[in-house]
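Reproduced below: upload_31.txt, with compact mmCIF, C-alpha atoms and all ligand atoms.
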```
# COMPACT_ATOMS: atom_id res chain seq x y z
CA MET A 1 -3.62 -4.83 46.54
CA ASP A 2 -2.40 -7.16 43.79
CA ARG A 3 -0.23 -5.94 40.95
CA TYR A 4 -3.23 -5.95 38.65
CA SER A 5 -5.38 -3.54 40.61
CA SER A 6 -2.41 -1.42 41.53
CA ILE A 7 -1.66 -0.92 37.82
CA LYS A 8 -5.29 -0.11 37.24
CA GLU A 9 -5.14 2.53 39.96
CA GLU A 10 -1.81 3.81 38.70
CA ILE A 11 -3.22 4.30 35.22
CA LYS A 12 -6.32 5.99 36.59
CA GLY A 13 -4.09 8.35 38.52
CA MET A 14 -2.12 9.33 35.44
CA CYS A 15 -4.88 9.51 32.92
CA ASP A 16 -7.65 12.07 32.86
CA ILE A 17 -10.94 10.72 31.58
CA VAL A 18 -11.90 14.01 29.91
CA GLU A 19 -8.62 14.08 28.03
CA LEU A 20 -8.86 10.41 27.06
CA ILE A 21 -12.48 10.44 25.89
CA GLY A 22 -11.91 13.86 24.34
CA GLN A 23 -9.63 12.18 21.81
CA PHE A 24 -12.59 10.25 20.45
CA VAL A 25 -15.65 12.32 21.31
CA GLN A 26 -15.99 16.06 20.95
CA LEU A 27 -16.75 17.30 24.46
CA LYS A 28 -18.08 20.62 25.65
CA LYS A 29 -17.84 21.90 29.19
CA THR A 30 -21.24 22.37 30.82
CA GLY A 31 -21.09 23.29 34.48
CA LYS A 32 -18.98 20.73 36.29
CA ASN A 33 -19.31 18.15 33.54
CA TYR A 34 -18.49 17.72 29.90
CA VAL A 35 -21.08 16.63 27.37
CA GLY A 36 -20.98 15.32 23.84
CA LEU A 37 -22.77 13.15 21.32
CA CYS A 38 -22.78 9.56 22.55
CA PRO A 39 -20.47 7.29 20.53
CA PHE A 40 -22.51 4.24 21.54
CA HIS A 41 -25.90 5.21 20.20
CA SER A 42 -27.17 7.55 17.54
CA GLU A 43 -28.40 10.91 18.80
CA LYS A 44 -28.78 14.55 17.81
CA ASP A 45 -28.77 16.13 21.26
CA PRO A 46 -25.84 15.29 23.51
CA SER A 47 -26.73 13.06 26.44
CA PHE A 48 -23.26 11.62 26.90
CA THR A 49 -21.71 13.08 30.05
CA VAL A 50 -18.19 12.92 31.44
CA ASN A 51 -17.66 13.73 35.09
CA PRO A 52 -14.04 14.82 35.73
CA GLU A 53 -14.47 14.87 39.48
CA ARG A 54 -15.49 11.22 39.70
CA GLN A 55 -13.57 10.24 36.53
CA ILE A 56 -16.57 8.47 35.04
CA PHE A 57 -18.80 8.79 32.00
CA HIS A 58 -22.51 8.18 31.66
CA CYS A 59 -24.98 8.33 28.82
CA PHE A 60 -28.53 9.28 29.74
CA GLY A 61 -29.71 7.94 26.39
CA CYS A 62 -28.36 4.39 26.22
CA LYS A 63 -27.37 4.15 29.90
CA LYS A 64 -23.80 3.15 29.14
CA GLY A 65 -21.30 4.31 31.69
CA GLY A 66 -18.15 3.55 33.62
CA ASP A 67 -14.51 4.52 33.92
CA ILE A 68 -11.71 4.91 31.37
CA PHE A 69 -11.37 1.15 31.02
CA THR A 70 -15.08 0.62 30.38
CA PHE A 71 -14.98 3.36 27.79
CA TRP A 72 -11.95 1.90 26.05
CA MET A 73 -13.40 -1.63 26.02
CA GLU A 74 -16.73 -0.46 24.62
CA TYR A 75 -15.29 2.01 22.17
CA HIS A 76 -12.56 -0.24 20.74
CA ASN A 77 -14.38 -3.51 21.35
CA VAL A 78 -11.50 -5.09 23.26
CA SER A 79 -11.11 -7.07 26.47
CA PHE A 80 -10.32 -5.49 29.81
CA PHE A 81 -6.72 -6.66 29.61
CA GLU A 82 -6.27 -5.15 26.17
CA ALA A 83 -7.80 -1.89 27.34
CA LEU A 84 -5.40 -1.84 30.26
CA LYS A 85 -2.48 -2.54 27.95
CA ASP A 86 -3.51 0.01 25.30
CA ILE A 87 -4.04 2.81 27.79
CA ALA A 88 -0.82 1.94 29.64
CA GLU A 89 1.07 2.09 26.36
CA ARG A 90 -0.46 5.44 25.54
CA TYR A 91 0.67 6.87 28.85
CA ASN A 92 4.02 5.06 28.94
CA ILE A 93 3.16 3.05 32.01
CA ASP A 94 5.14 -0.17 32.31
CA ILE A 95 2.87 -3.18 32.77
CA LYS A 96 5.41 -5.88 31.96
CA GLY A 97 5.24 -7.00 35.58
CA LEU A 98 1.84 -8.47 34.91
CA SER A 99 2.64 -12.14 34.64
CA GLY A 100 0.76 -15.37 34.49
CA ASP A 101 -1.99 -13.63 32.62
CA LYS A 102 -3.61 -15.13 29.55
CA GLY A 103 -3.55 -11.71 27.95
CA GLU A 104 0.18 -11.53 28.33
CA GLU A 105 0.68 -14.94 26.76
CA ARG A 106 -1.49 -13.84 23.88
CA ALA A 107 0.58 -10.69 23.50
CA LYS A 108 3.72 -12.82 23.36
CA LEU A 109 2.18 -15.09 20.74
CA LEU A 110 1.34 -12.07 18.63
CA GLU A 111 4.91 -10.86 19.01
CA ILE A 112 6.23 -14.24 17.85
CA ASN A 113 3.86 -14.18 14.87
CA GLU A 114 5.01 -10.68 13.94
CA MET A 115 8.62 -11.77 14.16
CA ALA A 116 7.97 -14.79 11.94
CA ALA A 117 5.95 -12.74 9.42
CA SER A 118 8.73 -10.21 9.18
CA PHE A 119 11.34 -12.96 8.75
CA TYR A 120 9.32 -14.64 5.97
CA ARG A 121 8.87 -11.30 4.20
CA GLN A 122 12.57 -10.64 4.42
CA MET A 123 13.25 -14.07 2.88
CA LEU A 124 10.85 -13.42 0.01
CA TYR A 125 12.74 -10.28 -0.95
CA ASP A 126 16.17 -11.74 -0.32
CA PRO A 127 17.92 -11.83 -3.72
CA VAL A 128 19.02 -15.45 -3.29
CA GLU A 129 16.62 -17.05 -0.79
CA GLY A 130 13.43 -15.69 -2.29
CA LYS A 131 14.26 -16.11 -5.98
CA LYS A 132 12.13 -19.19 -6.56
CA ALA A 133 9.15 -17.78 -4.66
CA ARG A 134 9.27 -14.46 -6.51
CA GLU A 135 9.36 -16.34 -9.82
CA TYR A 136 6.32 -18.28 -8.71
CA LEU A 137 4.48 -15.01 -7.97
CA ARG A 138 5.50 -13.51 -11.30
CA LYS A 139 4.21 -16.54 -13.19
CA ARG A 140 0.87 -16.10 -11.48
CA ASN A 141 0.79 -12.38 -12.23
CA ILE A 142 0.88 -11.42 -8.57
CA ASP A 143 2.74 -8.15 -8.63
CA ASP A 144 4.89 -6.68 -5.89
CA ALA A 145 2.28 -4.23 -4.65
CA VAL A 146 -0.26 -7.01 -4.11
CA ALA A 147 2.30 -9.27 -2.46
CA LYS A 148 3.36 -6.49 -0.11
CA GLU A 149 -0.22 -5.53 0.68
CA ALA A 150 -0.97 -9.14 1.62
CA GLY A 151 2.27 -9.36 3.61
CA LEU A 152 3.37 -12.44 1.67
CA GLY A 153 6.57 -14.15 2.63
CA TYR A 154 8.68 -17.17 1.93
CA ALA A 155 9.77 -19.97 4.25
CA PRO A 156 13.20 -21.19 3.10
CA ASP A 157 13.80 -24.80 2.14
CA ARG A 158 15.54 -25.65 5.41
CA TRP A 159 14.61 -27.35 8.66
CA ASP A 160 15.84 -24.71 11.05
CA SER A 161 15.82 -21.19 9.62
CA LEU A 162 13.03 -19.88 11.84
CA TYR A 163 14.06 -22.14 14.72
CA LYS A 164 17.55 -20.61 14.72
CA LEU A 165 16.14 -17.09 14.61
CA PHE A 166 13.95 -17.82 17.64
CA LEU A 167 16.87 -19.36 19.53
CA ASN A 168 19.04 -16.34 18.77
CA ARG A 169 16.36 -13.97 19.98
CA HIS A 170 15.67 -16.03 23.11
CA ILE A 171 12.07 -16.60 22.18
CA ASP A 172 10.07 -18.97 24.37
CA ILE A 173 10.20 -22.05 22.12
CA ARG A 174 7.16 -23.54 23.84
CA LEU A 175 5.10 -20.58 22.61
CA ALA A 176 6.48 -20.87 19.09
CA ILE A 177 5.32 -24.50 19.06
CA ASN A 178 1.89 -23.39 20.32
CA ALA A 179 1.81 -20.80 17.56
CA GLY A 180 2.21 -23.64 15.06
CA LEU A 181 5.49 -22.32 13.70
CA LEU A 182 7.78 -25.01 15.09
CA VAL A 183 7.30 -28.73 15.53
CA GLU A 184 8.92 -30.65 18.35
CA ARG A 185 11.15 -33.55 17.34
CA ASP A 186 10.04 -36.91 18.70
CA ALA A 187 13.15 -37.64 20.68
CA GLY A 188 12.75 -34.37 22.59
CA ASP A 189 15.73 -33.32 20.52
CA GLY A 190 14.84 -29.73 19.67
CA CYS A 191 12.46 -28.53 17.00
CA TYR A 192 12.15 -27.98 13.29
CA ASP A 193 10.38 -25.38 11.14
CA ARG A 194 6.84 -26.32 10.28
CA PHE A 195 6.83 -24.23 7.08
CA ARG A 196 9.57 -25.10 4.61
CA ASN A 197 9.87 -24.12 0.98
CA ARG A 198 6.48 -22.50 1.12
CA LEU A 199 4.94 -19.26 0.06
CA ILE A 200 3.58 -17.78 3.28
CA PHE A 201 0.25 -16.01 3.67
CA PRO A 202 -0.13 -14.33 7.03
CA ILE A 203 -3.63 -14.33 8.49
CA PHE A 204 -4.62 -11.02 10.08
CA ASP A 205 -7.24 -10.19 12.67
CA ILE A 206 -9.48 -7.14 12.35
CA ARG A 207 -6.85 -5.05 14.11
CA GLY A 208 -4.25 -5.97 11.51
CA ARG A 209 -2.27 -8.28 13.77
CA VAL A 210 -0.84 -11.55 12.49
CA VAL A 211 -2.74 -14.39 14.14
CA GLY A 212 -1.66 -17.29 11.96
CA PHE A 213 -0.14 -18.42 8.69
CA GLY A 214 -1.03 -20.38 5.62
CA GLY A 215 1.66 -21.84 3.43
CA ARG A 216 1.61 -23.09 -0.14
CA THR A 217 4.34 -25.49 -1.13
CA LEU A 218 6.65 -24.52 -3.96
CA GLY A 219 7.99 -28.04 -4.33
CA ASP A 220 6.48 -31.49 -4.17
CA GLY A 221 5.87 -31.22 -0.44
CA MET A 222 2.53 -32.41 0.83
CA PRO A 223 0.06 -31.12 1.67
CA LYS A 224 -0.10 -28.43 -0.96
CA TYR A 225 -1.60 -26.00 1.55
CA LEU A 226 -0.72 -25.93 5.21
CA ASN A 227 -2.48 -23.87 7.84
ZN ZN A 301 -25.55 6.62 24.56
```

Here is a file; write its structure as structure tokens.
Amino acid sequence: MDRYSSIKEEIKGMCDIVELIGQFVQLKKTGKNYVGLCPFHSEKDPSFTVNPERQIFHCFGCKKGGDIFTFWMEYHNVSFFEALKDIAERYNIDIKGLSGDKGEERAKLLEINEMAASFYRQMLYDPVEGKKAREYLRKRNIDDAVAKEAGLGYAPDRWDSLYKLFLNRHIDIRLAINAGLLVERDAGDGCYDRFRNRLIFPIFDIRGRVVGFGGRTLGDGMPKYLN
């Protein structure tokens, strides 16, 4: 059994489907099974059934059914890998051993983006570093609450502020380049920050995760906007 399926089995062994689904759907015990109103279609009489013995669910109305992973994917509209990760997290099961997976690379990219977003925010509110950017916001009547809500940040007017942070934290530089945060120098001589002296607008996905950045220059740098 590969690591992937063994983790799947491990999670299944630790997680009870009635308990898991019960967090999202009100279930009532009926004989051997539990029933509730189906979260996947609209109904007045419960036809959504959870079978604890077989650890599966089935809806007699819309015919949806499966195990905890199917439920999680359908209910939260995520991929199988994300479902695996979310459930593992919830039950404190370590899945870091899963390597070479696209999902893991994506998770690392998100982590890098979060780190950058947090660094840029910190710079915006730094008394010295962020002074110019905060003045810019004030002039445009963007108040603090709005700036914070949007997660705005500031990329300092230097070539290596984010690069140094990533090096210090042993971040995979290749991924930071893929994320569009660093640019490789031609001579293969390290990298430099892509965003410099720019007001930073993080771009969020529907789950509130930072998936990219836009930057508006505060100087004469071109282009005015960088994505
Ligand atoms: Zn249904």

What residues of the protein or nucleic acid chains come within 12 Å of ligand ZN 301 (chain A) when you use all atoms listed in the file? Reply as a PyMOL selection string. chain A and resi 25+35-50+57-65+71+74-75

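Remark: for Gly151 in chain A, the closest of the candidate residues A:Asp189, A:Asp67, A:Asp86, A:Glu114 is A:Glu114 (distances computed over all atoms listed in the file).
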
Could you give me, as JSON lines, a per-residue list for range 91-149 of chain A showing, wherever an atom lies at most 9 Å from an atom of range 213-222 of chain A, the closest pair of atoms and their distance in Å to one decimal, using all atoms listed in the file and sorting by chain then residue number from low to high?
```
{"residue": "A:Asn113", "atom": "CA", "partner": "A:Phe213", "partner_atom": "CA", "distance": 8.5}
{"residue": "A:Ala117", "atom": "CA", "partner": "A:Phe213", "partner_atom": "CA", "distance": 8.4}
{"residue": "A:Lys132", "atom": "CA", "partner": "A:Leu218", "partner_atom": "CA", "distance": 8.1}
{"residue": "A:Ala133", "atom": "CA", "partner": "A:Leu218", "partner_atom": "CA", "distance": 7.2}
{"residue": "A:Tyr136", "atom": "CA", "partner": "A:Leu218", "partner_atom": "CA", "distance": 7.8}
```

Deliver the residues from the most recent selection as a file, using C-alpha atoms, as a PDB file, keeping the file's coordinate frame.
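Okay, out38.pdb is ready:
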```pdb
ATOM      1  CA  ASN A 113       3.860 -14.180  14.870  1.00  0.00           C
ATOM      2  CA  ALA A 117       5.950 -12.740   9.420  1.00  0.00           C
ATOM      3  CA  LYS A 132      12.130 -19.190  -6.560  1.00  0.00           C
ATOM      4  CA  ALA A 133       9.150 -17.780  -4.660  1.00  0.00           C
ATOM      5  CA  TYR A 136       6.320 -18.280  -8.710  1.00  0.00           C
TER       6      TYR A 136
END
```

Polymer residues at most 9 Å from (11.0, -21.5, 0.2) by all atoms listed in the file, as a PyMOL selection string: chain A and resi 123-124+129-133+153-158+195-200+217-219

Can I get the selection written as a PDB file, in the coordinates of the input, with C-alpha atoms?
```
ATOM      1  CA  MET A 123      13.250 -14.070   2.880  1.00  0.00           C
ATOM      2  CA  LEU A 124      10.850 -13.420   0.010  1.00  0.00           C
ATOM      3  CA  GLU A 129      16.620 -17.050  -0.790  1.00  0.00           C
ATOM      4  CA  GLY A 130      13.430 -15.690  -2.290  1.00  0.00           C
ATOM      5  CA  LYS A 131      14.260 -16.110  -5.980  1.00  0.00           C
ATOM      6  CA  LYS A 132      12.130 -19.190  -6.560  1.00  0.00           C
ATOM      7  CA  ALA A 133       9.150 -17.780  -4.660  1.00  0.00           C
ATOM      8  CA  GLY A 153       6.570 -14.150   2.630  1.00  0.00           C
ATOM      9  CA  TYR A 154       8.680 -17.170   1.930  1.00  0.00           C
ATOM     10  CA  ALA A 155       9.770 -19.970   4.250  1.00  0.00           C
ATOM     11  CA  PRO A 156      13.200 -21.190   3.100  1.00  0.00           C
ATOM     12  CA  ASP A 157      13.800 -24.800   2.140  1.00  0.00           C
ATOM     13  CA  ARG A 158      15.540 -25.650   5.410  1.00  0.00           C
ATOM     14  CA  PHE A 195       6.830 -24.230   7.080  1.00  0.00           C
ATOM     15  CA  ARG A 196       9.570 -25.100   4.610  1.00  0.00           C
ATOM     16  CA  ASN A 197       9.870 -24.120   0.980  1.00  0.00           C
ATOM     17  CA  ARG A 198       6.480 -22.500   1.120  1.00  0.00           C
ATOM     18  CA  LEU A 199       4.940 -19.260   0.060  1.00  0.00           C
ATOM     19  CA  ILE A 200       3.580 -17.780   3.280  1.00  0.00           C
ATOM     20  CA  THR A 217       4.340 -25.490  -1.130  1.00  0.00           C
ATOM     21  CA  LEU A 218       6.650 -24.520  -3.960  1.00  0.00           C
ATOM     22  CA  GLY A 219       7.990 -28.040  -4.330  1.00  0.00           C
TER      23      GLY A 219
END
```

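With only C-alpha atoms as the atoms that count, the residue of A:Val146, A:Lys139, A:Phe81, A:Phe119 with the shortest distance to Arg106 in chain A is A:Phe81.
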
With all atoms listed in the file as the atoms that count, which of A:Phe204, A:Gly188, A:Ala116, A:Ala145 lies nearest to Leu165 in chain A?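 For Leu165 in chain A, the nearest of the given residues is A:Ala116.
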
For CA of Leu109 in chain A and CA of Phe166 in chain A, quote the distance in Å rounded to one decimal.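 The value is 12.5 Å.
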
Select, from A:Ile95, A:Ala187, A:Val210, A:Met73, the residue with the minimum atom-to-atom distance to Ser118 in chain A, counting all atoms listed in the file.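 Among A:Ile95, A:Ala187, A:Val210, A:Met73, it is A:Val210 that comes nearest to Ser118 in chain A.
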
So which one's closest to Tyr163 in chain A, A:Ala107, A:Leu182, A:Ile142, A:Leu226? Using all atoms listed in the file, please.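 Checking each of A:Ala107, A:Leu182, A:Ile142, A:Leu226 against Tyr163 in chain A, counting all atoms listed in the file, the winner is A:Leu182.
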
Show me the residues around (-4.6, 12.2, 34.0) - criterion: an atom at most 12 Å away, all atoms listed in the file counted - as an NGL selection string. :A and (9-21 or 52-53 or 55 or 68 or 87-88 or 90-91)

Would you save the residues from that selection as a PDB file, in the coordinates of the input, using C-alpha atoms?
```pdb
ATOM      1  CA  GLU A   9      -5.140   2.530  39.960  1.00  0.00           C
ATOM      2  CA  GLU A  10      -1.810   3.810  38.700  1.00  0.00           C
ATOM      3  CA  ILE A  11      -3.220   4.300  35.220  1.00  0.00           C
ATOM      4  CA  LYS A  12      -6.320   5.990  36.590  1.00  0.00           C
ATOM      5  CA  GLY A  13      -4.090   8.350  38.520  1.00  0.00           C
ATOM      6  CA  MET A  14      -2.120   9.330  35.440  1.00  0.00           C
ATOM      7  CA  CYS A  15      -4.880   9.510  32.920  1.00  0.00           C
ATOM      8  CA  ASP A  16      -7.650  12.070  32.860  1.00  0.00           C
ATOM      9  CA  ILE A  17     -10.940  10.720  31.580  1.00  0.00           C
ATOM     10  CA  VAL A  18     -11.900  14.010  29.910  1.00  0.00           C
ATOM     11  CA  GLU A  19      -8.620  14.080  28.030  1.00  0.00           C
ATOM     12  CA  LEU A  20      -8.860  10.410  27.060  1.00  0.00           C
ATOM     13  CA  ILE A  21     -12.480  10.440  25.890  1.00  0.00           C
ATOM     14  CA  PRO A  52     -14.040  14.820  35.730  1.00  0.00           C
ATOM     15  CA  GLU A  53     -14.470  14.870  39.480  1.00  0.00           C
ATOM     16  CA  GLN A  55     -13.570  10.240  36.530  1.00  0.00           C
ATOM     17  CA  ILE A  68     -11.710   4.910  31.370  1.00  0.00           C
ATOM     18  CA  ILE A  87      -4.040   2.810  27.790  1.00  0.00           C
ATOM     19  CA  ALA A  88      -0.820   1.940  29.640  1.00  0.00           C
ATOM     20  CA  ARG A  90      -0.460   5.440  25.540  1.00  0.00           C
ATOM     21  CA  TYR A  91       0.670   6.870  28.850  1.00  0.00           C
TER      22      TYR A  91
END
```

Atom pair CA of Ser6 in chain A / CA of Phe24 in chain A: separation (Å):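 Between CA of Ser6 in chain A and CA of Phe24 in chain A the gap works out to 26.2 Å.
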
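The list of residues with at least one atom within 7 Å of Leu152 in chain A, based on all atoms listed in the file and without residues fewer than 2 positions apart in the same chain, reads A:Arg121, A:Ala147, A:Lys148, A:Ala150, A:Ile200, A:Phe201, A:Pro202.
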
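With all atoms listed in the file as the basis for measurement, A:Asn77 is the residue among A:Asn51, A:Asn77, A:Thr70, A:Thr30 that approaches Ile206 in chain A most closely.
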
In Å, how far is it from CA of Phe69 in chain A to CA of Asn92 in chain A? 16.0 Å

Quick one: axis-aligned box around all listed atoms of range 147-161 of chain A, 6 Å on every side, centre and edge lengths in Å to one decimal, written as lines of an AutoDock Vina configuration file.
```
center_x = 7.4
center_y = -16.4
center_z = 4.3
size_x = 28.8
size_y = 33.8
size_z = 25.5
```
